[in-house]
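Enquirer: What follows is the file target00.txt, containing compact mmCIF, C-alpha atoms:
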```txt
# COMPACT_ATOMS: atom_id res chain seq x y z
CA MET A 24 87.43 87.39 -35.14
CA LYS A 25 83.82 87.33 -36.19
CA LEU A 26 81.00 89.49 -34.84
CA VAL A 27 77.47 88.37 -35.64
CA LEU A 28 74.94 91.10 -34.88
CA ILE A 29 71.44 89.69 -34.54
CA PHE A 30 68.84 92.43 -34.39
CA GLY A 31 65.10 92.88 -34.60
CA PRO A 32 62.13 93.82 -32.43
CA GLN A 33 61.43 92.44 -28.97
CA ALA A 34 60.51 88.75 -28.75
CA VAL A 35 61.43 88.08 -32.39
CA GLY A 36 63.78 85.31 -31.24
CA LYS A 37 67.20 86.96 -31.25
CA MET A 38 68.50 85.34 -28.08
CA THR A 39 67.05 81.92 -28.92
CA VAL A 40 68.54 81.99 -32.41
CA GLY A 41 71.82 83.16 -30.85
CA GLN A 42 71.75 80.24 -28.42
CA GLU A 43 71.27 77.81 -31.29
CA LEU A 44 73.97 79.45 -33.40
CA ALA A 45 76.41 79.26 -30.48
CA LYS A 46 75.69 75.51 -30.21
CA ILE A 47 76.67 74.83 -33.83
CA THR A 48 79.66 77.20 -34.08
CA ASP A 49 82.49 78.32 -31.83
CA LEU A 50 80.83 81.73 -31.39
CA LYS A 51 80.08 82.99 -27.87
CA LEU A 52 76.64 84.49 -27.17
CA PHE A 53 76.32 87.94 -25.60
CA HIS A 54 72.61 88.75 -25.57
CA ASN A 55 71.56 92.27 -24.70
CA HIS A 56 69.84 91.33 -21.44
CA MET A 57 73.06 90.00 -19.95
CA THR A 58 73.97 93.62 -19.21
CA ILE A 59 70.46 95.07 -18.86
CA ASP A 60 69.47 92.56 -16.18
CA LEU A 61 72.80 92.89 -14.37
CA VAL A 62 72.45 96.66 -14.10
CA SER A 63 68.73 96.49 -13.24
CA HIS A 64 69.65 95.33 -9.73
CA PHE A 65 70.80 98.92 -9.22
CA PHE A 66 69.19 101.13 -11.86
CA SER A 67 66.38 100.69 -14.35
CA TYR A 68 67.58 100.59 -17.95
CA SER A 69 65.25 103.54 -18.62
CA THR A 70 67.35 105.78 -16.36
CA THR A 71 70.43 107.75 -17.35
CA GLU A 72 72.51 105.78 -14.86
CA GLY A 73 71.18 102.45 -16.12
CA LYS A 74 71.92 103.22 -19.76
CA LYS A 75 75.38 104.54 -18.88
CA LEU A 76 76.32 101.38 -17.00
CA VAL A 77 74.91 99.03 -19.64
CA ASN A 78 76.86 100.85 -22.34
CA LEU A 79 80.07 100.83 -20.27
CA PHE A 80 79.87 97.08 -19.60
CA ARG A 81 79.11 96.34 -23.24
CA GLN A 82 81.90 98.55 -24.54
CA GLU A 83 84.47 96.93 -22.26
CA ILE A 84 83.36 93.45 -23.33
CA PHE A 85 83.51 94.45 -27.01
CA GLU A 86 86.98 95.95 -26.54
CA GLU A 87 88.38 92.82 -24.91
CA VAL A 88 86.67 90.36 -27.24
CA SER A 89 87.78 92.28 -30.35
CA LYS A 90 91.40 91.97 -29.19
CA SER A 91 91.14 88.33 -28.16
CA ASN A 92 91.78 85.01 -29.84
CA LEU A 93 88.15 83.97 -29.57
CA TYR A 94 86.56 82.67 -32.76
CA GLY A 95 83.83 85.26 -32.44
CA LEU A 96 80.86 86.78 -30.69
CA ILE A 97 77.12 86.89 -31.26
CA PHE A 98 75.51 90.09 -29.97
CA THR A 99 71.75 90.62 -29.93
CA PHE A 100 69.97 93.94 -29.69
CA VAL A 101 66.94 95.97 -30.72
CA TRP A 102 67.83 98.51 -33.42
CA ALA A 103 65.51 101.50 -33.76
CA PHE A 104 65.92 102.44 -37.42
CA ASN A 105 64.33 105.85 -36.88
CA MET A 106 67.00 106.79 -34.32
CA GLN A 107 70.30 108.12 -35.70
CA GLU A 108 72.05 107.21 -32.46
CA ASP A 109 71.31 103.51 -33.12
CA TRP A 110 72.80 103.76 -36.63
CA ASP A 111 75.87 105.43 -35.10
CA TYR A 112 76.12 102.70 -32.43
CA VAL A 113 76.06 99.94 -35.06
CA ASP A 114 78.63 101.77 -37.21
CA ASP A 115 80.95 102.30 -34.23
CA LEU A 116 80.65 98.68 -33.14
CA ALA A 117 81.37 97.40 -36.65
CA LYS A 118 84.35 99.74 -36.99
CA LEU A 119 85.80 98.51 -33.69
CA PHE A 120 85.86 94.89 -34.82
CA GLU A 121 86.87 95.68 -38.40
CA SER A 122 89.74 97.91 -37.20
CA ARG A 123 91.18 94.83 -35.51
CA GLY A 124 90.83 92.62 -38.57
CA GLY A 125 87.43 91.19 -37.68
CA THR A 126 84.48 90.50 -39.95
CA VAL A 127 81.00 91.70 -39.03
CA TYR A 128 77.85 89.82 -40.06
CA PHE A 129 74.43 91.48 -39.84
CA VAL A 130 71.35 89.30 -39.25
CA GLU A 131 67.94 90.94 -39.09
CA LEU A 132 65.00 88.94 -37.78
CA GLU A 133 61.38 89.80 -38.33
CA ALA A 134 58.20 88.00 -37.29
CA ASP A 135 54.50 88.68 -37.11
CA VAL A 136 53.30 90.53 -34.01
CA ALA A 137 51.02 87.65 -32.97
CA GLU A 138 53.99 85.26 -32.98
CA ARG A 139 56.15 87.73 -31.07
CA LEU A 140 53.45 88.10 -28.41
CA GLU A 141 53.49 84.31 -27.97
CA ARG A 142 57.28 84.19 -27.83
CA ASN A 143 57.21 86.96 -25.24
CA LYS A 144 55.82 84.37 -22.80
CA SER A 145 58.17 81.51 -23.67
CA SER A 146 59.90 79.69 -20.84
CA ASN A 147 63.35 80.20 -22.42
CA ARG A 148 62.82 83.97 -22.61
CA LEU A 149 61.57 84.19 -19.05
CA GLU A 150 64.40 82.01 -17.75
CA HIS A 151 67.15 84.13 -19.32
CA LYS A 152 65.56 87.58 -19.06
CA PRO A 153 64.32 88.27 -15.53
CA SER A 154 63.11 91.76 -16.45
CA LYS A 155 60.62 90.18 -18.89
CA ARG A 156 58.91 88.02 -16.24
CA ASP A 157 56.25 90.67 -15.69
CA ILE A 158 54.35 89.54 -18.79
CA GLU A 159 51.76 92.30 -18.62
CA TRP A 160 54.44 95.00 -18.54
CA SER A 161 56.56 93.25 -21.17
CA GLU A 162 53.64 92.90 -23.58
CA LYS A 163 52.69 96.54 -23.10
CA ASP A 164 56.32 97.56 -23.71
CA LEU A 165 56.47 95.44 -26.87
CA LYS A 166 53.33 97.05 -28.26
CA SER A 167 54.22 100.62 -27.29
CA SER A 168 57.71 100.36 -28.80
CA MET A 169 56.13 99.60 -32.19
CA GLU A 170 54.38 102.98 -32.03
CA LYS A 171 57.53 104.88 -31.12
CA TYR A 172 60.23 103.06 -33.11
CA ARG A 173 60.68 101.38 -36.47
CA LEU A 174 62.25 98.08 -35.49
CA ASN A 175 62.73 96.46 -38.88
CA SER A 176 64.51 97.91 -41.88
CA ILE A 177 62.96 98.98 -45.14
CA GLU A 178 64.08 97.04 -48.22
CA GLY A 179 67.43 98.36 -49.44
CA GLU A 180 68.04 100.44 -46.32
CA ILE A 181 70.90 98.33 -44.97
CA ASN A 182 73.94 98.46 -47.20
CA TYR A 183 76.42 96.53 -45.08
CA ALA A 184 78.25 93.60 -46.61
CA ASN A 185 77.36 90.27 -45.02
CA TYR A 186 73.71 91.17 -44.40
CA LEU A 187 70.89 88.65 -44.10
CA LYS A 188 67.21 89.31 -43.32
CA ILE A 189 65.06 86.39 -42.19
CA ASN A 190 61.35 86.27 -41.49
CA ASN A 191 61.31 83.64 -38.77
CA THR A 192 57.59 83.70 -38.00
CA ASN A 193 57.25 80.04 -39.00
CA LEU A 194 60.86 78.87 -38.62
CA SER A 195 62.46 77.14 -35.66
CA ALA A 196 65.44 78.79 -34.00
CA GLU A 197 67.52 75.76 -35.02
CA LYS A 198 66.62 76.27 -38.69
CA VAL A 199 67.37 79.99 -38.57
CA ALA A 200 70.73 79.34 -36.89
CA LEU A 201 71.62 76.77 -39.55
CA ASN A 202 70.65 79.26 -42.29
CA ILE A 203 72.94 81.88 -40.73
CA LYS A 204 75.82 79.43 -40.34
CA GLU A 205 75.53 78.31 -43.95
CA ALA A 206 75.03 81.80 -45.41
CA PHE A 207 78.15 83.16 -43.73
CA HIS A 208 80.23 79.94 -43.62
CA LEU A 209 80.62 80.15 -39.86
```
Could you write out this structure as structure tokens?
Expert:
Amino acid sequence: MKLVLIFGPQAVGKMTVGQELAKITDLKLFHNHMTIDLVSHFFSYSTTEGKKLVNLFRQEIFEEVSKSNLYGLIFTFVWAFNMQEDWDYVDDLAKLFESRGGTVYFVELEADVAERLERNKSSNRLEHKPSKRDIEWSEKDLKSSMEKYRLNSIEGEINYANYLKINNTNLSAEKVALNIKEAFHL
């Protein structure tokens, strides 16, 4: 079992890279909005109820996948490096898969803000993430999160084995996915 965690700030290309990686491997893609947008029909993700349900769905999926015979899973998310609870979440998720004999791969994406603002409006993003279709709100959220959270790591901060950081400002999602596949022999 392999777990590929793709993380980085909003609109950096996590889902799109995950889609491309899934095409060239036997990994299944589980992008973070699959649960956020499901729950948003009932509760906003910003509410206590919304976060609780998103976390419950994700945890159940992780539990079942980690016990399964699947080749592996790609999970995308935004990691706030200045929030201890996010570090704890990543540690707990890695421990779950590793406790069942799995290998965890960490892929951090970073891109210039101008590029992320363009990607925020891409047709692929809007098709797969209904909550991002309000471009004005989504752009404001992207900008305000940069003031509140540190969404990329500092050099040397991540000490996990199987870690790769890619600046994908000027790289296609296909190229990034191929780099990941080759780096980790997926």
Enquirer: What are the closest atom pairs, with distances in Å to one decimal, for each residue of range 37-149 of chain A lying within 12 Å of range 166-169 of chain A, using only C-alpha atoms, rows by chain and rising residue number, as a Markdown table?
Expert:
```
| residue | atom | partner | partner_atom | distance |
| --- | --- | --- | --- | --- |
| A:Val101 | CA | A:Ser168 | CA | 10.4 |
| A:Trp102 | CA | A:Ser168 | CA | 11.3 |
| A:Ala103 | CA | A:Ser168 | CA | 9.3 |
| A:Phe104 | CA | A:Met169 | CA | 11.5 |
| A:Asn105 | CA | A:Met169 | CA | 11.3 |
| A:Val136 | CA | A:Lys166 | CA | 8.7 |
| A:Ala137 | CA | A:Lys166 | CA | 10.8 |
| A:Arg139 | CA | A:Lys166 | CA | 10.1 |
| A:Leu140 | CA | A:Lys166 | CA | 9.0 |
| A:Asn143 | CA | A:Lys166 | CA | 11.2 |
```
Enquirer: Between CA of Lys155 in chain A and CA of Ile29 in chain A, what is the spacing in Å?
Expert: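 It comes out at 19.0 Å.
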Enquirer: If we count all atoms listed in the file, what is near Met24 in chain A at a cut-off of 6 Å, once residues fewer than 4 positions away on the same chain are taken out, given as JSON, numbers by chain?
Expert: {"A": [94, 95, 125]}
Enquirer: Which of these residues is nearest to Lys37 in chain A, using only C-alpha atoms: A:Gln82, A:Asn185, A:Thr99, A:Asn193?
Expert: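 Counting only C-alpha atoms, the residue closest to Lys37 in chain A is A:Thr99.
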Enquirer: Can you work out the spacing between CA of Asn202 in chain A and CA of Met38 in chain A in Å, to one decimal?
Expert: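 We find that CA of Asn202 in chain A and CA of Met38 in chain A lie 15.6 Å from each other.
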Enquirer: Which is closer to Tyr68 in chain A than all the others in A:Ser161, A:Phe100, A:Ser154, A:Asn182, using all atoms listed in the file?
Expert: A:Ser154
Enquirer: Do a neighbour search on Glu197 in chain A at 8 Å with only C-alpha atoms, toss out local chain neighbours closer than 6 positions, and write the hits as a list in words.
Expert: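 My list of contacting residues is Val40, Glu43 and Leu44 of chain A.
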Enquirer: From the set A:Val127, A:Leu28, A:Ile59, A:Val88, which residue has the shortest atom-to-atom contact distance to Gly41 in chain A, counting all atoms listed in the file?
Expert: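 Comparing A:Val127, A:Leu28, A:Ile59, A:Val88 against Gly41 in chain A, the winner is A:Leu28.
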